[in-house]
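Chemist: Provided below: input14.txt, containing compact mmCIF, C-alpha atoms.
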```txt
# COMPACT_ATOMS: atom_id res chain seq x y z
CA ARG A 22 -45.84 21.56 -44.67
CA ARG A 23 -42.58 23.18 -43.99
CA ARG A 24 -40.24 20.84 -42.23
CA SER A 25 -38.62 22.26 -39.15
CA ARG A 26 -34.89 22.37 -39.45
CA LYS A 27 -32.88 21.05 -36.58
CA ARG A 28 -30.43 23.67 -35.55
CA ALA A 29 -26.89 22.57 -34.92
CA SER A 30 -25.99 22.93 -31.29
CA VAL A 31 -23.33 25.56 -30.62
CA PRO A 32 -20.95 24.71 -27.81
CA PRO A 33 -20.99 27.36 -25.08
CA GLN A 34 -18.03 29.68 -24.96
CA LEU A 35 -15.98 28.98 -21.88
CA PRO A 36 -14.94 31.98 -19.77
CA TRP A 37 -11.25 31.26 -20.18
CA ARG A 38 -11.21 31.47 -23.99
CA PRO A 39 -11.49 35.18 -24.84
CA SER A 40 -9.44 35.95 -27.91
CA TRP A 41 -7.70 38.96 -26.39
CA LYS A 42 -5.76 36.90 -23.85
CA PRO A 43 -2.20 35.93 -24.89
CA SER A 44 -1.72 32.21 -25.41
CA TRP A 45 0.46 31.75 -22.30
CA LEU A 46 -2.34 33.21 -20.15
CA ARG A 47 -5.02 31.12 -21.86
CA SER A 48 -2.91 28.04 -21.19
CA LEU A 49 -2.45 28.96 -17.52
CA LEU A 50 -6.14 29.69 -16.98
CA ARG A 51 -7.18 26.51 -18.80
CA ARG A 52 -4.85 24.44 -16.65
CA SER A 53 -6.03 26.22 -13.51
CA LEU A 54 -9.67 25.57 -14.38
CA PHE A 55 -9.15 21.88 -15.05
CA SER A 56 -6.92 21.61 -11.98
CA GLY A 57 -9.72 23.04 -9.88
CA MET A 58 -12.16 20.50 -11.33
CA GLN A 59 -9.73 17.72 -10.60
CA CYS A 60 -9.35 18.95 -7.04
CA THR A 61 -13.05 18.53 -6.30
CA CYS A 62 -12.88 14.81 -6.80
CA ARG A 63 -9.43 14.08 -5.40
CA SER A 64 -8.27 14.62 -1.85
CA GLN A 65 -5.09 12.57 -1.91
CA PRO A 66 -1.92 14.32 -0.69
CA ARG A 67 0.48 15.42 -3.42
CA GLU A 68 4.00 14.06 -3.49
CA THR A 69 7.02 15.22 -5.42
CA GLY A 70 7.31 13.70 -8.86
CA LEU A 71 3.88 12.05 -9.03
CA GLN A 72 1.70 12.22 -12.11
CA ARG A 73 -2.01 12.93 -12.01
CA ASP A 74 -4.42 10.66 -13.86
CA ASP A 75 -4.84 13.34 -16.56
CA GLY A 76 -1.11 13.26 -17.35
CA LEU A 77 -0.23 16.64 -15.85
CA SER A 78 2.68 16.77 -13.42
CA ARG A 79 1.61 17.63 -9.90
CA GLY A 80 4.93 19.23 -9.07
CA HIS A 81 6.18 20.00 -5.58
CA SER A 82 3.96 20.87 -2.65
CA TRP A 83 5.16 24.50 -2.73
CA GLU A 84 4.44 25.02 -6.45
CA ARG A 85 1.53 27.30 -7.22
CA GLU A 86 1.28 27.14 -11.01
CA ARG A 87 0.90 23.35 -11.13
CA SER A 88 -1.13 23.01 -7.95
CA THR A 89 -4.37 21.02 -7.94
CA ASP A 90 -5.77 23.34 -5.27
CA MET A 91 -5.79 26.87 -6.66
CA GLY A 92 -8.05 28.05 -3.85
CA ALA A 93 -5.36 27.31 -1.26
CA PHE A 94 -3.17 30.02 -2.79
CA SER A 95 -5.81 32.74 -3.20
CA GLU A 96 -6.29 33.92 0.37
CA GLY A 97 -4.80 37.38 -0.22
CA VAL A 98 -1.65 36.97 1.90
CA TYR A 99 1.37 34.83 1.04
CA THR A 100 3.81 33.95 3.84
CA TYR A 101 7.43 33.21 2.95
CA HIS A 102 9.31 31.21 5.57
CA PHE A 103 13.10 31.30 5.84
CA ASP A 104 14.84 27.95 6.30
CA ASN A 105 16.21 29.01 9.67
CA GLU A 106 12.96 30.54 10.86
CA ALA A 107 13.02 31.16 14.60
CA PRO A 108 10.15 30.34 17.00
CA GLU A 109 6.99 32.44 16.94
CA ASP A 110 8.39 34.89 19.48
CA ASP A 111 11.01 36.19 17.03
CA GLY A 112 8.76 39.13 16.18
CA GLY A 113 8.30 38.06 12.55
CA ARG A 114 11.96 38.16 11.53
CA GLY A 115 11.90 34.60 10.21
CA LYS A 116 9.18 35.21 7.67
CA ILE A 117 7.86 37.73 5.15
CA GLN A 118 4.16 38.34 4.59
CA ILE A 119 3.12 39.49 1.14
CA ASP A 120 -0.21 41.05 0.26
CA GLU A 121 -1.18 39.73 -3.16
CA ALA A 122 -4.03 39.39 -5.64
CA PHE A 123 -3.48 35.82 -6.82
CA PHE A 124 -5.36 36.08 -10.11
CA GLU A 125 -3.77 39.37 -11.24
CA LEU A 126 -0.62 39.02 -13.34
CA GLY A 127 1.75 41.44 -11.59
CA HIS A 128 0.22 41.22 -8.14
CA ARG A 129 1.04 37.67 -7.05
CA VAL A 130 4.05 35.59 -6.05
CA TRP A 131 5.16 33.32 -8.90
CA ASP A 132 7.14 30.08 -8.65
CA THR A 133 10.20 31.61 -10.33
CA CYS A 134 10.35 34.23 -7.58
CA LEU A 135 10.24 31.51 -4.92
CA ILE A 136 13.01 29.53 -6.63
CA MET A 137 15.25 32.61 -6.88
CA SER A 138 14.50 33.61 -3.27
CA LYS A 139 15.46 30.15 -2.02
CA PHE A 140 18.53 30.12 -4.29
CA PHE A 141 19.91 33.28 -2.67
CA GLU A 142 18.93 32.01 0.77
CA HIS A 143 20.96 28.88 -0.08
CA GLN A 144 23.84 31.01 -1.48
CA PRO A 145 23.68 34.20 0.65
CA SER A 146 27.26 35.28 -0.07
CA ILE A 147 26.16 36.31 -3.57
CA VAL A 148 24.11 39.20 -2.17
CA GLN A 149 25.68 40.01 1.19
CA GLY A 150 27.14 43.51 1.21
CA LYS A 151 26.00 44.12 -2.40
CA LYS A 152 23.83 46.81 -3.98
CA ILE A 153 20.87 45.08 -5.60
CA LEU A 154 18.48 46.29 -8.31
CA GLU A 155 15.38 44.27 -9.25
CA ILE A 156 13.51 44.71 -12.53
CA GLY A 157 9.82 43.80 -12.59
CA ALA A 158 9.77 43.17 -8.83
CA GLY A 159 6.03 42.46 -8.68
CA THR A 160 4.99 42.01 -5.05
CA GLY A 161 8.52 42.77 -3.79
CA LEU A 162 9.20 39.37 -2.19
CA LEU A 163 12.60 38.65 -3.78
CA GLY A 164 14.00 42.06 -2.82
CA LEU A 165 12.73 41.72 0.74
CA VAL A 166 14.40 38.29 1.01
CA VAL A 167 17.84 39.56 -0.06
CA GLN A 168 17.48 42.58 2.25
CA ARG A 169 17.12 40.14 5.17
CA LEU A 170 20.11 38.18 3.86
CA GLY A 171 22.39 41.19 4.27
CA ALA A 172 22.39 43.16 1.02
CA GLU A 173 23.79 46.66 1.49
CA LYS A 174 21.07 48.40 -0.52
CA VAL A 175 18.06 47.10 -2.46
CA LEU A 176 16.05 49.03 -5.06
CA LEU A 177 12.87 47.44 -6.41
CA THR A 178 11.33 48.70 -9.64
CA GLU A 179 7.94 48.12 -11.24
CA TYR A 180 5.44 49.87 -13.50
CA GLY A 181 1.82 51.02 -13.25
CA ARG A 182 -0.45 49.78 -10.49
CA CYS A 183 2.12 47.21 -9.36
CA VAL A 184 4.27 49.96 -7.84
CA GLU A 185 1.70 50.72 -5.13
CA ARG A 186 1.28 47.13 -3.94
CA MET A 187 5.04 46.55 -4.08
CA ALA A 188 5.69 49.67 -1.96
CA GLN A 189 3.03 48.63 0.56
CA ASN A 190 4.64 45.20 0.97
CA VAL A 191 8.06 46.79 1.43
CA ASP A 192 6.76 49.19 4.08
CA ALA A 193 4.96 46.37 5.91
CA ASN A 194 8.11 44.22 6.13
CA ARG A 195 11.10 46.59 6.20
CA GLY A 196 11.00 46.94 9.98
CA PHE A 197 11.95 43.29 10.51
CA ALA A 198 15.30 43.72 8.70
CA PRO A 199 18.50 44.72 10.56
CA GLU A 200 18.69 47.88 8.41
CA PRO A 201 15.06 48.93 7.69
CA ASP A 202 16.02 51.82 5.41
CA SER A 203 18.25 49.72 3.15
CA ILE A 204 15.36 48.99 0.74
CA ALA A 205 13.47 51.40 -1.55
CA THR A 206 11.10 51.33 -4.52
CA CYS A 207 10.62 53.33 -7.70
CA MET A 208 8.91 53.13 -11.08
CA LEU A 209 10.82 51.96 -14.16
CA ASP A 210 9.23 52.06 -17.62
CA TRP A 211 10.93 49.78 -20.16
CA ASN A 212 9.80 52.14 -22.95
CA GLU A 213 11.63 55.16 -21.56
CA PRO A 214 15.10 55.75 -23.04
CA ASP A 215 16.54 57.14 -19.80
CA LEU A 216 17.03 55.15 -16.61
CA PRO A 217 15.38 56.53 -13.43
CA LYS A 218 17.67 58.72 -11.36
CA GLU A 219 17.31 56.29 -8.45
CA VAL A 220 18.76 53.46 -10.58
CA VAL A 221 21.68 55.58 -11.79
CA ALA A 222 22.44 56.72 -8.24
CA LEU A 223 22.43 53.15 -6.92
CA GLN A 224 25.10 51.87 -9.35
CA PRO A 225 24.10 48.25 -8.59
CA ASP A 226 26.47 45.33 -8.24
CA ILE A 227 23.80 42.77 -9.09
CA ILE A 228 20.50 42.95 -10.97
CA PHE A 229 17.59 40.54 -10.54
CA ALA A 230 14.66 39.77 -12.81
CA ALA A 231 12.22 36.93 -12.11
CA ASP A 232 9.79 35.69 -14.75
CA ILE A 233 9.70 38.77 -16.98
CA THR A 234 9.99 36.87 -20.28
CA LEU A 235 6.23 36.60 -20.83
CA ASN A 236 5.38 38.59 -23.96
CA PRO A 237 7.44 38.12 -27.15
CA ALA A 238 6.82 41.78 -27.99
CA ASP A 239 8.86 42.71 -24.92
CA VAL A 240 11.99 40.82 -26.00
CA PRO A 241 13.71 43.79 -27.72
CA LYS A 242 12.70 46.09 -24.84
CA ILE A 243 14.20 43.77 -22.22
CA ALA A 244 17.38 43.29 -24.28
CA ASP A 245 17.78 47.06 -24.69
CA LEU A 246 17.13 47.68 -20.98
CA PHE A 247 19.67 45.05 -19.94
CA THR A 248 22.23 46.51 -22.35
CA ARG A 249 21.84 49.98 -20.79
CA LEU A 250 22.01 48.59 -17.26
CA LEU A 251 25.16 46.57 -17.93
CA ALA A 252 26.77 49.65 -19.47
CA MET A 253 26.71 51.44 -16.08
CA ARG A 254 29.60 49.34 -14.79
CA ASP A 255 31.93 46.68 -16.17
CA ASP A 256 31.33 44.11 -13.44
CA ILE A 257 27.53 44.06 -13.12
CA LYS A 258 25.79 40.68 -13.29
CA ILE A 259 22.14 40.03 -14.06
CA TYR A 260 20.44 37.02 -12.47
CA LEU A 261 17.47 36.18 -14.68
CA GLY A 262 14.96 33.58 -13.49
CA CYS A 263 12.91 32.02 -16.30
CA GLN A 264 10.06 29.62 -16.71
CA ASP A 265 11.06 27.78 -19.87
CA HIS A 266 7.50 27.32 -21.15
CA ARG A 267 6.77 31.04 -21.28
CA GLU A 268 6.28 32.31 -24.83
CA ALA A 269 9.10 34.85 -24.70
CA THR A 270 11.74 32.79 -22.86
CA ALA A 271 13.25 31.00 -25.87
CA PRO A 272 13.20 34.11 -28.13
CA PHE A 273 14.82 36.23 -25.44
CA MET A 274 17.52 33.70 -24.61
CA GLU A 275 18.39 33.44 -28.30
CA VAL A 276 18.85 37.22 -28.44
CA ALA A 277 20.68 37.31 -25.10
CA ARG A 278 23.26 34.73 -26.15
CA GLY A 279 24.11 36.93 -29.13
CA ILE A 280 24.77 40.12 -27.16
CA PHE A 281 25.65 39.03 -23.59
CA GLU A 282 27.82 36.48 -21.86
CA VAL A 283 25.28 33.93 -20.64
CA THR A 284 25.79 31.09 -18.17
CA GLN A 285 23.27 28.89 -16.42
CA VAL A 286 23.26 28.29 -12.67
CA PRO A 287 23.89 24.54 -12.21
CA ALA A 288 21.15 22.53 -10.53
CA GLU A 289 23.51 21.55 -7.72
CA ASP A 290 23.87 25.25 -6.77
CA LEU A 291 20.12 25.76 -6.41
CA HIS A 292 18.22 25.11 -3.21
CA PRO A 293 17.80 21.31 -3.12
CA LYS A 294 14.08 21.52 -2.38
CA TYR A 295 13.23 24.49 -4.60
CA GLN A 296 13.98 23.58 -8.20
CA THR A 297 11.93 22.12 -11.03
CA GLU A 298 12.42 20.91 -14.60
CA LEU A 299 10.51 24.00 -15.81
CA HIS A 300 12.68 26.73 -14.28
CA ASN A 301 16.23 27.97 -14.77
CA ILE A 302 18.34 30.84 -13.48
CA TYR A 303 20.73 32.45 -15.95
CA VAL A 304 23.59 34.86 -15.27
CA LEU A 305 24.07 37.60 -17.87
CA ALA A 306 27.10 39.88 -18.16
CA ALA A 307 28.53 42.27 -20.75
CA LYS A 308 30.60 40.59 -23.45
CA ARG A 309 34.33 41.09 -23.17
CA ASP A 310 36.25 42.34 -26.21
```
Using C-alpha cells, write down the structure that the file contains.
Modeler:
Amino acid sequence: RRRSRKRASVPPQLPWRPSWKPSWLRSLLRRSLFSGMQCTCRSQPRETGLQRDDGLSRGHSWERERSTDMGAFSEGVYTYHFDNEAPEDDGGRGKIQIDEAFFELGHRVWDTCLIMSKFFEHQPSIVQGKKILEIGAGTGLLGLVVQRLGAEKVLLTEYGRCVERMAQNVDANRGFAPEPDSIATCMLDWNEPDLPKEVVALQPDIIFAADITLNPADVPKIADLFTRLLAMRDDIKIYLGCQDHREATAPFMEVARGIFEVTQVPAEDLHPKYQTELHNIYVLAAKRD
C-alpha cells in the first residue's frame, strides 16, 4: 500500500504582505492591522507617553499613525481646529474641513502635516505677510492653515490625482479666509526640468514640504528640485517636516547637509502639544560662499 504523505501546511498569505509594496508601507499597514486587532479588545483611554502591552508606543491622542483606533480616522472628512477657535457661530472661520481618503497615500492628512500646521500657528510671524510655496501639498491642509494665519500669497503644488482633491479642499475652505483669493493650486512634476510658470511668478519667500521623504529613489529628485527653488532668490528658506523612520529621511538629510545650510527647529519652538520623538522640522537654505 502506498502511504499517504502528510502535506506540510502552508501559512496563508496575509493581505498586507504583497511584494510590490515598499517596506515603509508594509510596515505601516502591518502596524495598522495589529493596532486594529488590539483595539477590539481594549477600550481604555489613551494617554500621552503610555506604552501598550505589545510594546508599541500609543503616542498622543491626536496622532493618527500610531493610533489604536484606525477606524476613528477614516470617516472621509478631517476637521482641523485652530487653538483660538471661536464659538460655533463664527461661520467656520476657526476650523478647516478636509475631504480625505484615509487609506490612500497622497489623499490623507499625515501627522507631520499636523505638527507643521500647529508649529506655524504657534509661530505665526514666520508666515505673516509672506509668499508661501508648498511642495507635495497632499490634501492642502498646511497651505490653508497659513493662509488663515495671514500669508500674503499661498501656492500649493501636487502631482497626478492628488491635484484634484487638493483643489477641491482649497475651494471649499478659501471663503473663510480674510483674503479668499490669496491661495491657488497647480501641478508640479519633480521629473520636469523646468519649474511651473506659477511657481516662477510667485517668487516665494518660504517653501514648505511635509513628509515627502518616503521613497529613497526620490532623494536625488527632491535635492535637485530644492536646489532649483533656492536658486530663484538668495533669501528663500525651506521648512521640511520629516518623520525620521521613513526610508528616505536619513538618506535625504545626508545629501541635504552636503549641499544646503541645514538647521533643526528646536523642540521648545514647536507647539507644546504637537510634537513627538518621531518628527522633526528642518530649515534648509542655500550655502553661502
Chemist: With all atoms listed in the file as the basis for distance, which of A:Arg254, A:Arg195, A:Arg267, A:Lys152 is at the shortest distance from Leu223 (chain A)?
Modeler: A:Lys152
Chemist: Extract, using all atoms listed in the file, all DNA, RNA and protein residues at most 9 Å from region 236-251 of chain A, discarding same-chain residues fewer than 4 positions from it, and format them as a CSV table (one decimal) with C-alpha atoms, in the coordinates of the input.
Modeler:
```csv
chain,number,residue,atom,x,y,z
A,43,PRO,CA,-2.2,35.9,-24.9
A,45,TRP,CA,0.5,31.8,-22.3
A,211,TRP,CA,10.9,49.8,-20.2
A,212,ASN,CA,9.8,52.1,-23.0
A,214,PRO,CA,15.1,55.8,-23.0
A,215,ASP,CA,16.5,57.1,-19.8
A,216,LEU,CA,17.0,55.2,-16.6
A,220,VAL,CA,18.8,53.5,-10.6
A,221,VAL,CA,21.7,55.6,-11.8
A,225,PRO,CA,24.1,48.2,-8.6
A,228,ILE,CA,20.5,43.0,-11.0
A,255,ASP,CA,31.9,46.7,-16.2
A,256,ASP,CA,31.3,44.1,-13.4
A,257,ILE,CA,27.5,44.1,-13.1
A,258,LYS,CA,25.8,40.7,-13.3
A,259,ILE,CA,22.1,40.0,-14.1
A,267,ARG,CA,6.8,31.0,-21.3
A,268,GLU,CA,6.3,32.3,-24.8
A,269,ALA,CA,9.1,34.8,-24.7
A,270,THR,CA,11.7,32.8,-22.9
A,272,PRO,CA,13.2,34.1,-28.1
A,273,PHE,CA,14.8,36.2,-25.4
A,276,VAL,CA,18.8,37.2,-28.4
A,277,ALA,CA,20.7,37.3,-25.1
A,280,ILE,CA,24.8,40.1,-27.2
A,281,PHE,CA,25.6,39.0,-23.6
A,305,LEU,CA,24.1,37.6,-17.9
A,306,ALA,CA,27.1,39.9,-18.2
A,307,ALA,CA,28.5,42.3,-20.8
```
Chemist: Report, in Å to a single decimal, how far apart CA of Glu282 (chain A) and CA of Lys308 (chain A) are.
Modeler: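 Computing the Euclidean distance for CA of Lys308 (chain A) and CA of Glu282 (chain A) yields 5.2 Å.
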Chemist: Enter the distance from CA of Lys151 (chain A) to CA of Val175 (chain A), in Å, rounded to one decimal.
Modeler: 8.5 Å
Chemist: Between CA of Gly262 (chain A) and CA of Phe229 (chain A), what is the spacing in Å?
Modeler: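 Value for the CA of Phe229 (chain A)-CA of Gly262 (chain A) distance: 8.0 Å.
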Chemist: Considering only C-alpha atoms, can you say which of A:Val283, A:Leu162, A:Ile117, A:Ile147 comes closest to Val130 (chain A)?
Modeler: A:Leu162
Chemist: Can you tell me, as number ranges by chain, what residues are no more than 7 Å from Asp120 (chain A) when counting all atoms listed in the file, ignoring any on the same chain fewer than 5 positions away?
Modeler: A: 97-99, 190
Chemist: For Lys139 (chain A), find every residue with an atom within 9 Å (counting only C-alpha atoms), except residues of its own chain fewer than 2 positions away, and show them as a list in words.
Modeler: Phe103, Asp104, Cys134, Leu135, Ile136, Met137, Phe141, Glu142, His143, Gln144, Val166, Leu291, His292, Lys294 and Tyr295 of chain A
Chemist: Which one is closest to Ile204 (chain A): A:Asp226, A:Gly161, A:Gln189, A:Gln168? Count all atoms listed in the file.
Modeler: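 Once distances to Ile204 (chain A) are computed over all atoms listed in the file, the minimum belongs to A:Gln168.
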Chemist: Using all atoms listed in the file, which of the listed residues (A:Thr178, A:Glu86, A:Ala230, A:Arg309) sits closest to Ser138 (chain A)?
Modeler: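 The answer is A:Ala230, which sits nearest to Ser138 (chain A).
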Chemist: In terms of the shortest atom-to-atom distance over all atoms listed in the file, which of A:Pro217, A:Gly159, A:Pro293, A:Gly150 is closest to Arg182 (chain A)?
Modeler: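 Answer, going by the shortest atom-to-atom distance: A:Gly159.
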Chemist: For Leu299 (chain A), which of A:Gln224, A:Thr234, A:Ser82, A:Thr133 is the closest residue, counting all atoms listed in the file?
Modeler: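 So, comparing all the options, the nearest one is A:Thr133.
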